[in-house]
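Comments concern the structure below.
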Number of protein chains: 2
Amino acid sequence: MSLPVALDAMGGDHGAPPNVEGAVQAARAGVPVILVGDRVKLHAELGRHAGSAGLPIEVVEATDVIGMDEHASDVRSRTQASINVASRLVKEGRASAVVSMGHSGATMASALLTLGRIKGVERPAILTHLPAKGGFTTLLDAGANADVKATYYAQWARLASVYLKVVEDRDNPTVGLLSIGEEDHKGSALVLEAHGLLRALHGRGVNFHGNVEGRDIFRNTTDIVVTDGFTGNVVLKLAEGEAKVLFGWVKEALQSSLKSKLGGLLVRGALRGLAERMDPSTYGASLLIGVRGLAFIGHGSADARAVKNALLRAARAHEANLIPRLEAAFTEQQASS
Amino acid sequence: MSLPVALDAMGGDHGAPPNVEGAVQAARAGVPVILVGDRVKLHAELGRHAGSAGLPIEVVEATDVIGMDEHASDVRSRTQASINVASRLVKEGRASAVVSMGHSGATMASALLTLGRIKGVERPAILTHLPAKGGFTTLLDAGANADVKATYYAQWARLASVYLKVVEDRDNPTVGLLSIGEEDHKGSALVLEAHGLLRALHGRGVNFHGNVEGRDIFRNTTDIVVTDGFTGNVVLKLAEGEAKVLFGWVKEALQSSLKSKLGGLLVRGALRGLAERMDPSTYGASLLIGVRGLAFIGHGSADARAVKNALLRAARAHEANLIPRLEAAFTEQQASS
């Protein structure tokens with residue numbers, strides 16, 4: 001049986017219920033899970049799911065939890081916090097990955113402090129997927145680093161290229177550098193510097209396409225888009241917010257007259273598939289890439305479906321040997337340069 | 001009769017035709033226009049519009065034009081370029097504003113070199129509107145300054161506040177600082193510094209709401225969103241690109257079955273209004289705010305409707321005395337501080 005995924009079962013806006021429900025769904029799909037948190041609460045929650053007793057789900061006690069409005073820096077001192085207990089299970093080889101829908105900053109800090117960085121990576125980044133023409137675009141950094149150096153972009157491009165190859169089976173994925181014009185000389189001073197570094201990596205682990213613009217993210221011009229964590233976070237939240245408002249407007253339009261209401265009934269099914277495609281819970285959680293271990297961060301508002309998808313994704317990354325492959329790629333690069 | 005608007009009639013991806021057609025439409029709506037460019041071509045193009053001879057449209061010769069793929073810096077030496085001739089008409093008091101759908105960088109450079117800056121403004125910004133819940137959100141800088149200082153944000157917040165008050169009749173418009181969390185301490189080092197300056201301006205010409213996130217732009221959480229020109233340009237292009245892809249998906253969904261096709265026919269009218277709301281040509285062009293004179297920059301792909309709307313907007317800003325009001329606001333601020 002494969003190694004279980006450690007879930008910070010107390011994390012997120014809704015606490016244990018969606019976490020436990022998602023874990024039950026993942027376990028039914030064949031992924032073993034360790035629920036980390038208040039043992040009594042978690043067993044009570046598990047008891048509400050018929051047949052969960054026979055599933056590959058363990059409970060590991062954690063007496064503390066870092067709330068959504070507390071400080072990420074609390075991670076250092078609160079060793080019994082659920083996220084810290086979960087990260088240590090990975091460190092000790094008892095779990096394949098840590099997944100949390102809780103405090104993002106705390107999850108990043110805990111993963112980084114407990115698991116360390118991959119050699120050659122200055123700062124881990126949040127790697128996420130955005131729906132796009134023909135599939136999805138992989139974006140990083142989606143918010144871990146508001147202030148960056150040019151060297152980060154190059155490291156992130158390498159990490160994401162290995163990730164897509166190993167986990168998503170993409171052959172030689174293309175990398176775009178987010179800028180404000182396609183031409184090589186367009187961008188901020190920092191982006192121009194990053195452009196030079198990425199250009200130099202072309203053909204050496206990175207298939208560099210050049211600059212891309214905001215409109216290219218949904219067009220899927222490149223498989224990967226690298227940017228700083230400030231811009232990436234704005235992009236992610238804008239994309240989600242815009243989709244929500246636009247679908248709201250479509251709904252309103254379909255209610256605007258008797259004729260459109262009638263038509264709305266007929267197109268409802270077709271539009272539902274579309275709304276699902278735009279739903280962040282489809283991807284479950286984002287990967288904190290660059291950490292020496294698998295750590296996934298989800299939305300605080302995650303539902304059971306998002307939790308399940310995050311656990312499945314974590315198990316898949318582990319089975320694909322993502323971390324050893326990332327380490328190997330950086331070692332080779334070091335050796336050849 | 002009011003002062004005419006100078007239109008760089010050769011600018012844009014499609015050259016004279018949409019410019020002349022838009023000018024004819026604006027003139028019919030009561031806005032006099034000066035077409036700047038190749039006199040023979042422009043007269044020929046005007047001749048294709050029945051009844052245009054009686055309209056308040058003048059033609060002023062410019063023998064040169066800066067192409068979309070040329071360098072913005074060419075503006076300095078090519079004094080006979082249409083954008084330079086148009087900017088000079090404003091400087092000389094013969095036109096109320098300059099409007100161009102041509103090379104954005106060249107338009108900015110020409111306006112800045114010819115008209116100068118408003119005293120107290122370090123760098124002009126591109127001010128644009130994005131469709132949002134309940135109307136639109138005003139965003140700046142949409143791309144003029146990829147590298148910024150904290151002081152720019154404060155100046156742009158003041159400029160945009162006066163603009164919304166004077167041109168759009170908004171009383172005490174709210175200003176949000178784009179960041180990666182609502183809490184005051186979230187953001188890059190630069191954004192934190194800007195936050196402090198904006199906080200200090202609260203109640204002194206700026207109604208500062210605090211930080212906003214990417215999702216707030218479409219929610220219309222604040223009337224104005226200030227950000228650096230790199231992030232702002234990414235936001236603008238992402239927002240347009242996403243809307244295009246999403247509407248494409250809605251169209252596909254409506255073609256996916258006989259049932260949805262039938263429904264699609266019934267909802268077509270209702271959705272058309274929505275597509276129009278998302279169409280950038282609704283707003284016509286963006287204002288280069290901070291320049292000592294009215295200068296508007298549009299999409300290279302602008303159609304006649306966008307040109308017409310840009311000319312109407314320019315005339316409205318002039319009638320509202322925008323430039324003197326902006327200058328006065330900065331003088332008062334200087335005197336009171």
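So you can find residues: chains in the structure tokens are A, B, ... in the order shown, residues in each start at 1, and ligands are numbered from 1 in order.
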Pull the closest atom pair for each residue of chain B that gets at most 6 Å from chain A, along with the distance in Å to one decimal, counting only C-alpha atoms, ordering rows by chain and then ascending residue number, as JSON lines.
{"residue": "B:Ala146", "atom": "CA", "partner": "A:Ser188", "partner_atom": "CA", "distance": 4.8}
{"residue": "B:Asp147", "atom": "CA", "partner": "A:Ser188", "partner_atom": "CA", "distance": 5.5}
{"residue": "B:Ser188", "atom": "CA", "partner": "A:Ala146", "partner_atom": "CA", "distance": 4.8}
{"residue": "B:Gly214", "atom": "CA", "partner": "A:Leu238", "partner_atom": "CA", "distance": 4.1}
{"residue": "B:Arg215", "atom": "CA", "partner": "A:Gly241", "partner_atom": "CA", "distance": 4.2}
{"residue": "B:Phe218", "atom": "CA", "partner": "A:Glu242", "partner_atom": "CA", "distance": 5.7}
{"residue": "B:Thr231", "atom": "CA", "partner": "A:Thr231", "partner_atom": "CA", "distance": 5.9}
{"residue": "B:Val234", "atom": "CA", "partner": "A:Gly214", "partner_atom": "CA", "distance": 4.5}
{"residue": "B:Lys237", "atom": "CA", "partner": "A:Gly214", "partner_atom": "CA", "distance": 4.7}
{"residue": "B:Leu238", "atom": "CA", "partner": "A:Gly214", "partner_atom": "CA", "distance": 4.1}
{"residue": "B:Gly241", "atom": "CA", "partner": "A:Arg215", "partner_atom": "CA", "distance": 4.3}
{"residue": "B:Glu242", "atom": "CA", "partner": "A:Phe218", "partner_atom": "CA", "distance": 5.7}
{"residue": "B:Ala253", "atom": "CA", "partner": "A:Ala270", "partner_atom": "CA", "distance": 5.2}
{"residue": "B:Lys259", "atom": "CA", "partner": "A:Leu266", "partner_atom": "CA", "distance": 5.9}
{"residue": "B:Ser260", "atom": "CA", "partner": "A:Val267", "partner_atom": "CA", "distance": 4.5}
{"residue": "B:Gly263", "atom": "CA", "partner": "A:Gly263", "partner_atom": "CA", "distance": 3.9}
{"residue": "B:Leu266", "atom": "CA", "partner": "A:Gly263", "partner_atom": "CA", "distance": 4.9}
{"residue": "B:Val267", "atom": "CA", "partner": "A:Ser260", "partner_atom": "CA", "distance": 4.5}
{"residue": "B:Ala270", "atom": "CA", "partner": "A:Ala253", "partner_atom": "CA", "distance": 5.2}
- request: Once DSSP has gone over the backbone, tell me which residues of segment 65-260 of chain A are in strand (DSSP E or B), as a ChimeraX atom specification.
  value: /A:81,97-100,117,125-132,135-140,174-178,202,206-212,224-226
Next, dump the selected residues to file, keeping only N, CA and C atoms, as a compact mmCIF listing (two decimals), in the first residue's frame.
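Final output, part.txt:
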# COMPACT_ATOMS: atom_id res chain seq x y z
N ALA A 81 0.91 22.61 16.57
CA ALA A 81 -0.13 23.04 15.63
C ALA A 81 -0.28 21.97 14.55
N ALA A 97 3.07 13.48 1.49
CA ALA A 97 2.86 14.90 1.20
C ALA A 97 2.03 15.51 2.32
N VAL A 98 2.11 16.85 2.46
CA VAL A 98 1.23 17.55 3.39
C VAL A 98 0.28 18.43 2.57
N VAL A 99 -1.01 18.41 2.94
CA VAL A 99 -2.02 19.21 2.27
C VAL A 99 -2.75 20.03 3.32
N SER A 100 -2.91 21.34 3.07
CA SER A 100 -3.65 22.18 4.02
C SER A 100 -4.52 23.20 3.31
N ARG A 117 14.67 23.49 1.68
CA ARG A 117 14.57 23.79 0.25
C ARG A 117 15.35 22.78 -0.57
N ALA A 125 8.07 28.68 -4.58
CA ALA A 125 6.99 29.48 -5.18
C ALA A 125 5.70 28.68 -5.14
N ILE A 126 4.58 29.39 -5.21
CA ILE A 126 3.28 28.71 -5.30
C ILE A 126 2.98 28.47 -6.78
N LEU A 127 2.82 27.20 -7.13
CA LEU A 127 2.52 26.82 -8.51
C LEU A 127 1.04 26.46 -8.61
N THR A 128 0.34 27.15 -9.51
CA THR A 128 -1.09 26.92 -9.62
C THR A 128 -1.51 26.75 -11.09
N HIS A 129 -2.75 26.29 -11.29
CA HIS A 129 -3.26 26.12 -12.65
C HIS A 129 -4.44 27.04 -12.87
N LEU A 130 -4.46 27.68 -14.03
CA LEU A 130 -5.61 28.49 -14.42
C LEU A 130 -6.24 27.86 -15.64
N PRO A 131 -7.57 27.81 -15.69
CA PRO A 131 -8.23 27.26 -16.87
C PRO A 131 -7.86 28.12 -18.07
N ALA A 132 -7.66 27.48 -19.23
CA ALA A 132 -7.28 28.23 -20.42
C ALA A 132 -7.76 27.46 -21.64
N GLY A 135 -7.17 23.61 -22.19
CA GLY A 135 -6.70 22.94 -20.98
C GLY A 135 -6.46 23.91 -19.84
N PHE A 136 -5.19 24.05 -19.44
CA PHE A 136 -4.87 24.98 -18.36
C PHE A 136 -3.49 25.56 -18.57
N THR A 137 -3.26 26.71 -17.95
CA THR A 137 -1.94 27.33 -17.94
C THR A 137 -1.40 27.22 -16.52
N THR A 138 -0.13 26.83 -16.41
CA THR A 138 0.51 26.71 -15.10
C THR A 138 1.20 28.04 -14.78
N LEU A 139 0.82 28.61 -13.65
CA LEU A 139 1.34 29.93 -13.27
C LEU A 139 2.14 29.82 -11.97
N LEU A 140 3.28 30.47 -11.92
CA LEU A 140 4.01 30.62 -10.67
C LEU A 140 4.86 31.88 -10.73
N THR A 174 6.55 24.70 -22.79
CA THR A 174 7.05 26.05 -23.08
C THR A 174 6.86 26.96 -21.88
N VAL A 175 7.80 27.89 -21.74
CA VAL A 175 7.79 28.84 -20.62
C VAL A 175 7.69 30.26 -21.17
N GLY A 176 6.74 31.02 -20.65
CA GLY A 176 6.62 32.45 -21.00
C GLY A 176 6.92 33.29 -19.78
N LEU A 177 7.56 34.43 -20.00
CA LEU A 177 7.84 35.37 -18.91
C LEU A 177 6.78 36.47 -18.99
N LEU A 178 6.00 36.63 -17.93
CA LEU A 178 4.92 37.61 -17.96
C LEU A 178 5.50 39.02 -18.01
N HIS A 202 17.57 28.59 -22.18
CA HIS A 202 16.82 27.95 -23.26
C HIS A 202 17.58 26.74 -23.81
N VAL A 206 14.90 24.38 -19.91
CA VAL A 206 13.80 25.34 -20.06
C VAL A 206 13.58 25.62 -21.55
N ASN A 207 12.33 25.45 -21.99
CA ASN A 207 11.97 25.75 -23.38
C ASN A 207 11.38 27.16 -23.40
N PHE A 208 12.27 28.15 -23.45
CA PHE A 208 11.84 29.55 -23.26
C PHE A 208 11.24 30.14 -24.54
N HIS A 209 9.98 30.56 -24.40
CA HIS A 209 9.23 31.12 -25.53
C HIS A 209 9.50 32.61 -25.68
N GLY A 210 9.81 33.29 -24.57
CA GLY A 210 9.96 34.75 -24.57
C GLY A 210 8.89 35.38 -23.69
N ASN A 211 8.69 36.69 -23.87
CA ASN A 211 7.67 37.38 -23.07
C ASN A 211 6.26 36.97 -23.48
N VAL A 212 5.37 36.94 -22.52
CA VAL A 212 3.94 36.82 -22.81
C VAL A 212 3.24 37.96 -22.06
N ILE A 224 3.62 27.24 -19.35
CA ILE A 224 4.00 27.81 -18.05
C ILE A 224 4.14 29.32 -18.20
N VAL A 225 3.69 30.06 -17.19
CA VAL A 225 3.93 31.50 -17.14
C VAL A 225 4.63 31.78 -15.82
N VAL A 226 5.83 32.39 -15.88
CA VAL A 226 6.53 32.75 -14.64
C VAL A 226 6.39 34.25 -14.39
message: If DSSP is run on the backbone, what residues of segment 170-284 of chain B are alpha helix (DSSP H)? A reply as number ranges by chain would be ideal.
response: B: 189-201, 214-219, 229-254, 258-278
Point-to-point distance in Å for atom CA of Pro324 of chain A and atom CA of Ala27 of chain A: 25.1 Å
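Around Met10 of chain A, within 10 Å and counting only C-alpha atoms, the residues found are Leu7, Asp13, His14, Gly15, Ala16, Pro17, Pro18, Asn19, Val20, Leu35, Val36, Gly37, Asp38, Lys41, Leu42, Ala62, Asp64, Val65, Ile66, Gly67, Ala81, Ser82, Ile83, Ser100, Met101 and Gly102 of chain A, once anything fewer than 3 positions away on its own chain is removed.
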task: May I have the residues within 10 Å of Leu46 of chain B as a ChimeraX atom specification, using only C-alpha atoms and disregarding those fewer than 2 positions away in the same chain?
output: /B:16-17,20-21,23-24,35,40-44,48-53,57,59
Selection to disk with C-alpha atoms, as a JSON list (two decimals), in the first residue's frame:
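Generated output (part-v8.json):
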[["chain", "number", "residue", "atom", "x", "y", "z"],
["B", 16, "ALA", "CA", -7.25, 56.15, -41.74],
["B", 17, "PRO", "CA", -10.60, 54.37, -42.37],
["B", 20, "VAL", "CA", -12.26, 59.01, -40.29],
["B", 21, "GLU", "CA", -15.47, 57.06, -39.78],
["B", 23, "ALA", "CA", -14.61, 61.32, -36.56],
["B", 24, "VAL", "CA", -17.67, 61.60, -38.82],
["B", 35, "LEU", "CA", -8.02, 65.03, -38.69],
["B", 40, "VAL", "CA", -5.08, 63.63, -49.84],
["B", 41, "LYS", "CA", -5.83, 60.30, -48.20],
["B", 42, "LEU", "CA", -7.96, 61.85, -45.49],
["B", 43, "HIS", "CA", -10.04, 63.89, -47.94],
["B", 44, "ALA", "CA", -10.53, 60.81, -50.07],
["B", 48, "ARG", "CA", -16.74, 58.15, -48.81],
["B", 49, "HIS", "CA", -19.07, 59.40, -46.09],
["B", 50, "ALA", "CA", -22.16, 61.05, -47.54],
["B", 51, "GLY", "CA", -22.89, 64.45, -46.03],
["B", 52, "SER", "CA", -19.52, 64.75, -44.32],
["B", 53, "ALA", "CA", -18.79, 68.01, -46.16],
["B", 57, "ILE", "CA", -14.27, 68.40, -39.56],
["B", 59, "VAL", "CA", -7.93, 68.34, -42.05]]
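Among A:Ala157, A:Leu115, A:Val85, A:Ala95, the residue with the shortest atom-to-atom distance to Asn172 of chain A, counting only C-alpha atoms, is A:Ala157.
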